Amino acid sequence: MEDKLERKKPHNADHLTEQRYRDVRAFAEKALQEHGKTISSVLLKRPSESRNLLEMVFILDDLNSLIFDPQVEEFRISASDMAYESTLPLKCEAMLASAFWEGFRSRDDDVMQLARDGLVVHDNGFFLPLQDLLVTGKIRPSKESVNVYFVKAERSLKASNQKVGRAVIDLYWAVMDAAHAAVMVAGLTPPSPKHLAEAVRKELVARNLVHRRCADIVDRFYDAAKRIMHKEVFEISGREFDSYLADADFFLKEIGDFVKEHVDREVSR
């Protein structure tokens, strides 16, 4: 008796919910009914977190049939018309199997990303074996593709440092706005950020209205923001950011208590 073979679970199956995957499969089946002999594989790109759009790629079988560029364009238009009539937020693309294979051999970035991250909706045996060999590490990546990913990693690290810098700037504005509110409660016209620490020191700290740390915190944030904005600082450690966050939290609580007490006193008069 012949053993029953268990099919492998599709790679990247977690890209979609089960219901959305069924909807996508139904759309692909409709396209296969229209152009069955032309289609080798139907793939779905990894959905973008920032866009509610599904991108479907049809690989057309020009290895067993003659397919020319005008036919590819006709297919793309037909698939796009079908997508427009469906309820799915779909964008349809088409490429020849030979073009995909050339891109795979040369380790083209877009093709390799599709091969690694694509979710197979339909395949006649062309795409899945390549994806499986790639994902399981049985196809060695090129030196160029390794360099590409390393450069992407460096860019991501740089972007994360920039985001930490922007977070410190956000804390700076939180401290400055709170300090402005405090000096207004004290009866002053708010000075420029450069002179704000001195106003807090003279009008609030010297009169024991707020903790003595408050003026130093305003000074610290003014200096930090100036260095970040002038690109004198390119990296902020996690420990340093935690210190800024703790100072801003202390400052807002201290100033908040002062403002609330004096505003309530004015209202009750």
# chains A, B, ... in the order shown; residues from 1 in each chain; ligands from 1
call {"tool": "residues_around", "arguments": {"residues": "stretch 192-202 of chain A", "least_positions_apart": "3", "cutoff": "6 Å", "atoms": "only C-alpha atoms", "output": "PyMOL selection string"}}
result
chain A and resi 205-206+215+218-219
call {"tool": "select_by_dssp", "arguments": {"residues": "stretch 77-203 of chain A", "states": "strand (DSSP E)", "output": "PyMOL selection string"}}
result
chain A and resi 90-96+119-123
call {"tool": "write_last_selection", "arguments": {"atoms": "N, CA and C atoms", "output": "short mmCIF file (atom, residue, chain, number, x, y, z; two decimals), in the first residue's frame"}}
result
data_model
loop_
_atom_site.label_atom_id
_atom_site.label_comp_id
_atom_site.auth_asym_id
_atom_site.auth_seq_id
_atom_site.Cartn_x
_atom_site.Cartn_y
_atom_site.Cartn_z
N LEU A 90 -6.48 44.85 -3.86
CA LEU A 90 -5.44 44.13 -4.61
C LEU A 90 -4.75 44.99 -5.65
N LYS A 91 -3.45 44.78 -5.77
CA LYS A 91 -2.69 45.31 -6.89
C LYS A 91 -2.05 44.11 -7.58
N CYS A 92 -2.21 44.01 -8.90
CA CYS A 92 -1.72 42.83 -9.62
C CYS A 92 -0.52 43.17 -10.49
N GLU A 93 0.49 42.31 -10.43
CA GLU A 93 1.67 42.43 -11.26
C GLU A 93 1.86 41.11 -12.01
N ALA A 94 2.64 41.16 -13.08
CA ALA A 94 2.92 39.94 -13.86
C ALA A 94 4.36 39.97 -14.31
N MET A 95 5.01 38.79 -14.33
CA MET A 95 6.36 38.67 -14.85
C MET A 95 6.54 37.29 -15.46
N LEU A 96 7.46 37.18 -16.38
CA LEU A 96 7.73 35.91 -17.03
C LEU A 96 8.56 35.01 -16.14
N LEU A 119 4.19 34.56 -0.36
CA LEU A 119 3.26 33.50 0.06
C LEU A 119 2.66 32.88 -1.20
N VAL A 120 2.86 31.58 -1.37
CA VAL A 120 2.39 30.89 -2.58
C VAL A 120 0.89 30.64 -2.48
N VAL A 121 0.16 31.16 -3.45
CA VAL A 121 -1.28 30.93 -3.53
C VAL A 121 -1.58 29.80 -4.53
N HIS A 122 -0.76 29.72 -5.57
CA HIS A 122 -0.88 28.63 -6.56
C HIS A 122 0.51 28.42 -7.16
N ASP A 123 0.83 27.14 -7.45
CA ASP A 123 2.12 26.86 -8.09
C ASP A 123 2.03 25.53 -8.84
#
call {"tool": "residues_around", "arguments": {"residues": "A:Ser98", "least_positions_apart": "4", "cutoff": "10 Å", "atoms": "only C-alpha atoms", "output": "NGL selection string"}}
result
:A and (59-63 or 102-104)
call {"tool": "write_last_selection", "arguments": {"atoms": "N, CA and C atoms", "output": "PDB file, in the first residue's frame"}}
result
ATOM      1  N   ILE A  59       3.287  34.761 -12.078  1.00  0.00           N
ATOM      2  CA  ILE A  59       4.428  34.355 -12.895  1.00  0.00           C
ATOM      3  C   ILE A  59       3.883  33.585 -14.089  1.00  0.00           C
ATOM      4  N   LEU A  60       4.162  34.086 -15.279  1.00  0.00           N
ATOM      5  CA  LEU A  60       3.599  33.512 -16.506  1.00  0.00           C
ATOM      6  C   LEU A  60       4.587  32.517 -17.119  1.00  0.00           C
ATOM      7  N   ASP A  61       4.057  31.395 -17.550  1.00  0.00           N
ATOM      8  CA  ASP A  61       4.882  30.267 -17.997  1.00  0.00           C
ATOM      9  C   ASP A  61       5.323  30.431 -19.449  1.00  0.00           C
ATOM     10  N   ASP A  62       6.472  31.102 -19.629  1.00  0.00           N
ATOM     11  CA  ASP A  62       7.035  31.200 -20.972  1.00  0.00           C
ATOM     12  C   ASP A  62       8.109  30.140 -21.207  1.00  0.00           C
ATOM     13  N   LEU A  63       8.202  29.169 -20.279  1.00  0.00           N
ATOM     14  CA  LEU A  63       9.148  28.065 -20.456  1.00  0.00           C
ATOM     15  C   LEU A  63       8.533  26.952 -21.288  1.00  0.00           C
ATOM     16  N   GLU A 102      16.110  34.402 -14.197  1.00  0.00           N
ATOM     17  CA  GLU A 102      17.319  35.198 -14.404  1.00  0.00           C
ATOM     18  C   GLU A 102      17.606  36.057 -13.177  1.00  0.00           C
ATOM     19  N   GLY A 103      16.547  36.664 -12.614  1.00  0.00           N
ATOM     20  CA  GLY A 103      16.721  37.467 -11.408  1.00  0.00           C
ATOM     21  C   GLY A 103      17.167  36.632 -10.227  1.00  0.00           C
ATOM     22  N   PHE A 104      16.655  35.409 -10.152  1.00  0.00           N
ATOM     23  CA  PHE A 104      17.033  34.515  -9.058  1.00  0.00           C
ATOM     24  C   PHE A 104      18.503  34.118  -9.188  1.00  0.00           C
TER      25      PHE A 104
END
call {"tool": "residues_around", "arguments": {"residues": "stretch 16-25 of chain A", "least_positions_apart": "2", "cutoff": "8 Å", "atoms": "only C-alpha atoms", "output": "PyMOL selection string"}}
result
chain A and resi 13-14+27-29+88+121-122
call {"tool": "closest_residue", "arguments": {"among": "A:Phe127, A:Phe251, A:Phe75, A:Tyr222", "to": "A:Gly36", "atoms": "only C-alpha atoms"}}
result
A:Phe75
call {"tool": "select_by_dssp", "arguments": {"residues": "stretch 14-185 of chain A", "states": "helix (DSSP H, G or I)", "output": "PyMOL selection string"}}
result
chain A and resi 14-15+18-35+69-85+97-105+109-117+127-135+143-185
call {"tool": "write_last_selection", "arguments": {"atoms": "C-alpha atoms", "output": "JSON list (two decimals), in the first residue's frame"}}
result
[["chain", "number", "residue", "atom", "x", "y", "z"],
["A", 14, "ASP", "CA", 1.38, 33.83, 8.83],
["A", 15, "HIS", "CA", 1.25, 36.82, 6.44],
["A", 18, "GLU", "CA", -7.17, 32.30, 7.32],
["A", 19, "GLN", "CA", -10.22, 34.19, 6.01],
["A", 20, "ARG", "CA", -8.13, 36.64, 4.00],
["A", 21, "TYR", "CA", -6.07, 33.76, 2.60],
["A", 22, "ARG", "CA", -9.29, 32.02, 1.48],
["A", 23, "ASP", "CA", -10.43, 35.25, -0.21],
["A", 24, "VAL", "CA", -7.09, 35.58, -1.99],
["A", 25, "ARG", "CA", -7.25, 31.93, -3.08],
["A", 26, "ALA", "CA", -10.74, 32.50, -4.48],
["A", 27, "PHE", "CA", -9.46, 35.44, -6.52],
["A", 28, "ALA", "CA", -6.52, 33.40, -7.80],
["A", 29, "GLU", "CA", -8.87, 30.56, -8.80],
["A", 30, "LYS", "CA", -10.93, 33.03, -10.83],
["A", 31, "ALA", "CA", -7.78, 34.21, -12.63],
["A", 32, "LEU", "CA", -6.77, 30.58, -13.25],
["A", 33, "GLN", "CA", -10.14, 29.87, -14.86],
["A", 34, "GLU", "CA", -9.52, 32.77, -17.25],
["A", 35, "HIS", "CA", -5.81, 32.22, -17.97],
["A", 69, "ASP", "CA", 5.77, 41.35, -23.76],
["A", 70, "PRO", "CA", 2.44, 42.60, -25.24],
["A", 71, "GLN", "CA", 0.74, 39.46, -23.87],
["A", 72, "VAL", "CA", 2.24, 40.13, -20.43],
["A", 73, "GLU", "CA", 0.79, 43.63, -20.50],
["A", 74, "GLU", "CA", -2.59, 42.32, -21.67],
["A", 75, "PHE", "CA", -2.60, 39.84, -18.79],
["A", 76, "ARG", "CA", -1.69, 42.57, -16.28],
["A", 77, "ILE", "CA", -4.57, 44.73, -17.49],
["A", 78, "SER", "CA", -7.01, 41.80, -17.33],
["A", 79, "ALA", "CA", -5.92, 40.86, -13.79],
["A", 80, "SER", "CA", -6.13, 44.50, -12.67],
["A", 81, "ASP", "CA", -9.68, 44.75, -14.04],
["A", 82, "MET", "CA", -10.63, 41.63, -12.07],
["A", 83, "ALA", "CA", -9.03, 43.10, -8.94],
["A", 84, "TYR", "CA", -10.98, 46.33, -9.42],
["A", 85, "GLU", "CA", -14.23, 44.36, -9.49],
["A", 97, "ALA", "CA", 9.10, 32.75, -15.46],
["A", 98, "SER", "CA", 12.31, 33.19, -17.46],
["A", 99, "ALA", "CA", 12.72, 36.73, -16.06],
["A", 100, "PHE", "CA", 12.14, 35.46, -12.53],
["A", 101, "TRP", "CA", 14.75, 32.73, -13.04],
["A", 102, "GLU", "CA", 17.32, 35.20, -14.40],
["A", 103, "GLY", "CA", 16.72, 37.47, -11.41],
["A", 104, "PHE", "CA", 17.03, 34.51, -9.06],
["A", 105, "ARG", "CA", 20.33, 33.41, -10.62],
["A", 109, "ASP", "CA", 17.17, 42.15, -4.64],
["A", 110, "ASP", "CA", 13.49, 42.34, -5.61],
["A", 111, "VAL", "CA", 13.37, 38.78, -6.93],
["A", 112, "MET", "CA", 15.18, 37.39, -3.88],
["A", 113, "GLN", "CA", 12.81, 39.22, -1.55],
["A", 114, "LEU", "CA", 9.84, 37.79, -3.44],
["A", 115, "ALA", "CA", 11.38, 34.31, -3.34],
["A", 116, "ARG", "CA", 12.05, 34.52, 0.38],
["A", 117, "ASP", "CA", 8.95, 36.39, 1.62],
["A", 127, "PHE", "CA", 8.35, 28.39, -7.64],
["A", 128, "LEU", "CA", 7.91, 26.29, -4.49],
["A", 129, "PRO", "CA", 11.07, 24.14, -4.86],
["A", 130, "LEU", "CA", 13.21, 27.25, -5.32],
["A", 131, "GLN", "CA", 11.64, 28.94, -2.31],
["A", 132, "ASP", "CA", 12.07, 25.87, -0.14],
["A", 133, "LEU", "CA", 15.74, 25.49, -1.08],
["A", 134, "LEU", "CA", 16.33, 29.19, -0.38],
["A", 135, "VAL", "CA", 14.45, 29.33, 2.94],
["A", 143, "LYS", "CA", 28.43, 37.85, -1.81],
["A", 144, "GLU", "CA", 26.58, 40.87, -3.25],
["A", 145, "SER", "CA", 23.29, 39.94, -1.55],
["A", 146, "VAL", "CA", 25.10, 39.49, 1.79],
["A", 147, "ASN", "CA", 26.57, 42.99, 1.39],
["A", 148, "VAL", "CA", 23.14, 44.40, 0.53],
["A", 149, "TYR", "CA", 21.64, 43.04, 3.76],
["A", 150, "PHE", "CA", 24.58, 44.28, 5.81],
["A", 151, "VAL", "CA", 24.14, 47.78, 4.38],
["A", 152, "LYS", "CA", 20.40, 47.57, 5.18],
["A", 153, "ALA", "CA", 21.29, 46.58, 8.75],
["A", 154, "GLU", "CA", 23.58, 49.58, 9.11],
["A", 155, "ARG", "CA", 20.86, 51.88, 7.76],
["A", 156, "SER", "CA", 18.34, 50.44, 10.23],
["A", 157, "LEU", "CA", 20.76, 51.01, 13.10],
["A", 158, "LYS", "CA", 21.33, 54.60, 11.98],
["A", 159, "ALA", "CA", 17.57, 55.14, 11.67],
["A", 160, "SER", "CA", 17.02, 53.81, 15.20],
["A", 161, "ASN", "CA", 19.62, 56.25, 16.56],
["A", 162, "GLN", "CA", 17.87, 59.10, 14.76],
["A", 163, "LYS", "CA", 14.54, 58.05, 16.29],
["A", 164, "VAL", "CA", 16.09, 58.11, 19.77],
["A", 165, "GLY", "CA", 17.36, 61.63, 19.02],
["A", 166, "ARG", "CA", 13.87, 62.68, 17.93],
["A", 167, "ALA", "CA", 12.47, 61.20, 21.14],
["A", 168, "VAL", "CA", 14.85, 63.36, 23.18],
["A", 169, "ILE", "CA", 13.67, 66.41, 21.19],
["A", 170, "ASP", "CA", 10.07, 65.48, 22.08],
["A", 171, "LEU", "CA", 11.06, 65.35, 25.76],
["A", 172, "TYR", "CA", 12.79, 68.73, 25.34],
["A", 173, "TRP", "CA", 9.56, 70.33, 24.15],
["A", 174, "ALA", "CA", 7.62, 68.70, 26.97],
["A", 175, "VAL", "CA", 10.02, 70.22, 29.51],
["A", 176, "MET", "CA", 10.05, 73.64, 27.78],
["A", 177, "ASP", "CA", 6.25, 73.82, 27.55],
["A", 178, "ALA", "CA", 5.87, 72.87, 31.20],
["A", 179, "ALA", "CA", 8.51, 75.44, 32.22],
["A", 180, "HIS", "CA", 6.73, 78.13, 30.19],
["A", 181, "ALA", "CA", 3.48, 77.31, 32.00],
["A", 182, "ALA", "CA", 5.23, 77.53, 35.37],
["A", 183, "VAL", "CA", 6.83, 80.95, 34.79],
["A", 184, "MET", "CA", 3.51, 82.30, 33.51],
["A", 185, "VAL", "CA", 1.85, 81.14, 36.74]]
call {"tool": "atom_distance", "arguments": {"atom1": "atom CA of A:Arg46", "atom2": "atom CA of A:Gly118"}}
result
6.1 Å
call {"tool": "atom_distance", "arguments": {"atom1": "atom CA of A:Val42", "atom2": "atom CA of A:Phe58"}}
result
4.7 Å
call {"tool": "atom_distance", "arguments": {"atom1": "atom CA of A:Ala248", "atom2": "atom CA of A:Ile217"}}
result
7.6 Å
call {"tool": "closest_residue", "arguments": {"among": "A:Met56, A:Ala225, A:Leu209, A:Lys45", "to": "A:His11", "atoms": "only C-alpha atoms"}}
result
A:Lys45
call {"tool": "decode", "arguments": {"residues": "stretch 10-35 of chain A", "atoms": "N, CA and C atoms", "output": "short mmCIF file (atom, residue, chain, number, x, y, z; two decimals), in the first residue's frame"}}
result
data_model
loop_
_atom_site.label_atom_id
_atom_site.label_comp_id
_atom_site.auth_asym_id
_atom_site.auth_seq_id
_atom_site.Cartn_x
_atom_site.Cartn_y
_atom_site.Cartn_z
N PRO A 10 2.82 25.89 3.70
CA PRO A 10 3.41 26.96 2.88
C PRO A 10 4.27 27.90 3.72
N HIS A 11 5.38 28.31 3.16
CA HIS A 11 6.20 29.32 3.84
C HIS A 11 5.43 30.63 3.90
N ASN A 12 5.65 31.38 4.98
CA ASN A 12 5.06 32.72 5.16
C ASN A 12 3.53 32.68 5.27
N ALA A 13 3.01 31.55 5.75
CA ALA A 13 1.55 31.43 5.88
C ALA A 13 0.99 32.39 6.92
N ASP A 14 1.86 32.92 7.79
CA ASP A 14 1.38 33.83 8.83
C ASP A 14 1.20 35.25 8.31
N HIS A 15 1.45 35.47 7.01
CA HIS A 15 1.25 36.82 6.44
C HIS A 15 -0.21 37.25 6.54
N LEU A 16 -1.14 36.28 6.42
CA LEU A 16 -2.56 36.61 6.32
C LEU A 16 -3.37 35.81 7.32
N THR A 17 -4.54 36.32 7.65
CA THR A 17 -5.49 35.53 8.42
C THR A 17 -6.05 34.43 7.52
N GLU A 18 -6.63 33.41 8.11
CA GLU A 18 -7.17 32.30 7.32
C GLU A 18 -8.27 32.80 6.38
N GLN A 19 -9.12 33.68 6.85
CA GLN A 19 -10.22 34.19 6.01
C GLN A 19 -9.68 34.97 4.83
N ARG A 20 -8.68 35.85 5.09
CA ARG A 20 -8.13 36.64 4.00
C ARG A 20 -7.40 35.74 2.99
N TYR A 21 -6.75 34.69 3.50
CA TYR A 21 -6.07 33.76 2.60
C TYR A 21 -7.09 33.05 1.71
N ARG A 22 -8.24 32.67 2.29
CA ARG A 22 -9.29 32.02 1.48
C ARG A 22 -9.81 32.98 0.41
N ASP A 23 -9.97 34.26 0.77
CA ASP A 23 -10.43 35.25 -0.21
C ASP A 23 -9.42 35.42 -1.34
N VAL A 24 -8.15 35.44 -0.99
CA VAL A 24 -7.09 35.58 -1.99
C VAL A 24 -7.06 34.34 -2.90
N ARG A 25 -7.22 33.17 -2.29
CA ARG A 25 -7.25 31.93 -3.08
C ARG A 25 -8.41 31.94 -4.07
N ALA A 26 -9.55 32.44 -3.62
CA ALA A 26 -10.74 32.50 -4.48
C ALA A 26 -10.47 33.41 -5.67
N PHE A 27 -9.80 34.53 -5.43
CA PHE A 27 -9.46 35.44 -6.52
C PHE A 27 -8.49 34.77 -7.50
N ALA A 28 -7.50 34.08 -6.94
CA ALA A 28 -6.52 33.40 -7.80
C ALA A 28 -7.20 32.32 -8.64
N GLU A 29 -8.15 31.60 -8.05
CA GLU A 29 -8.87 30.56 -8.80
C GLU A 29 -9.64 31.18 -9.97
N LYS A 30 -10.21 32.35 -9.75
CA LYS A 30 -10.93 33.03 -10.83
C LYS A 30 -9.98 33.40 -11.97
N ALA A 31 -8.77 33.87 -11.61
CA ALA A 31 -7.78 34.21 -12.63
C ALA A 31 -7.31 32.95 -13.35
N LEU A 32 -7.19 31.84 -12.63
CA LEU A 32 -6.77 30.58 -13.25
C LEU A 32 -7.81 30.06 -14.24
N GLN A 33 -9.08 30.28 -13.92
CA GLN A 33 -10.14 29.87 -14.86
C GLN A 33 -10.05 30.65 -16.17
N GLU A 34 -9.64 31.93 -16.06
CA GLU A 34 -9.52 32.77 -17.25
C GLU A 34 -8.24 32.48 -18.04
N HIS A 35 -7.13 32.29 -17.31
CA HIS A 35 -5.81 32.22 -17.97
C HIS A 35 -5.01 31.03 -17.46
#
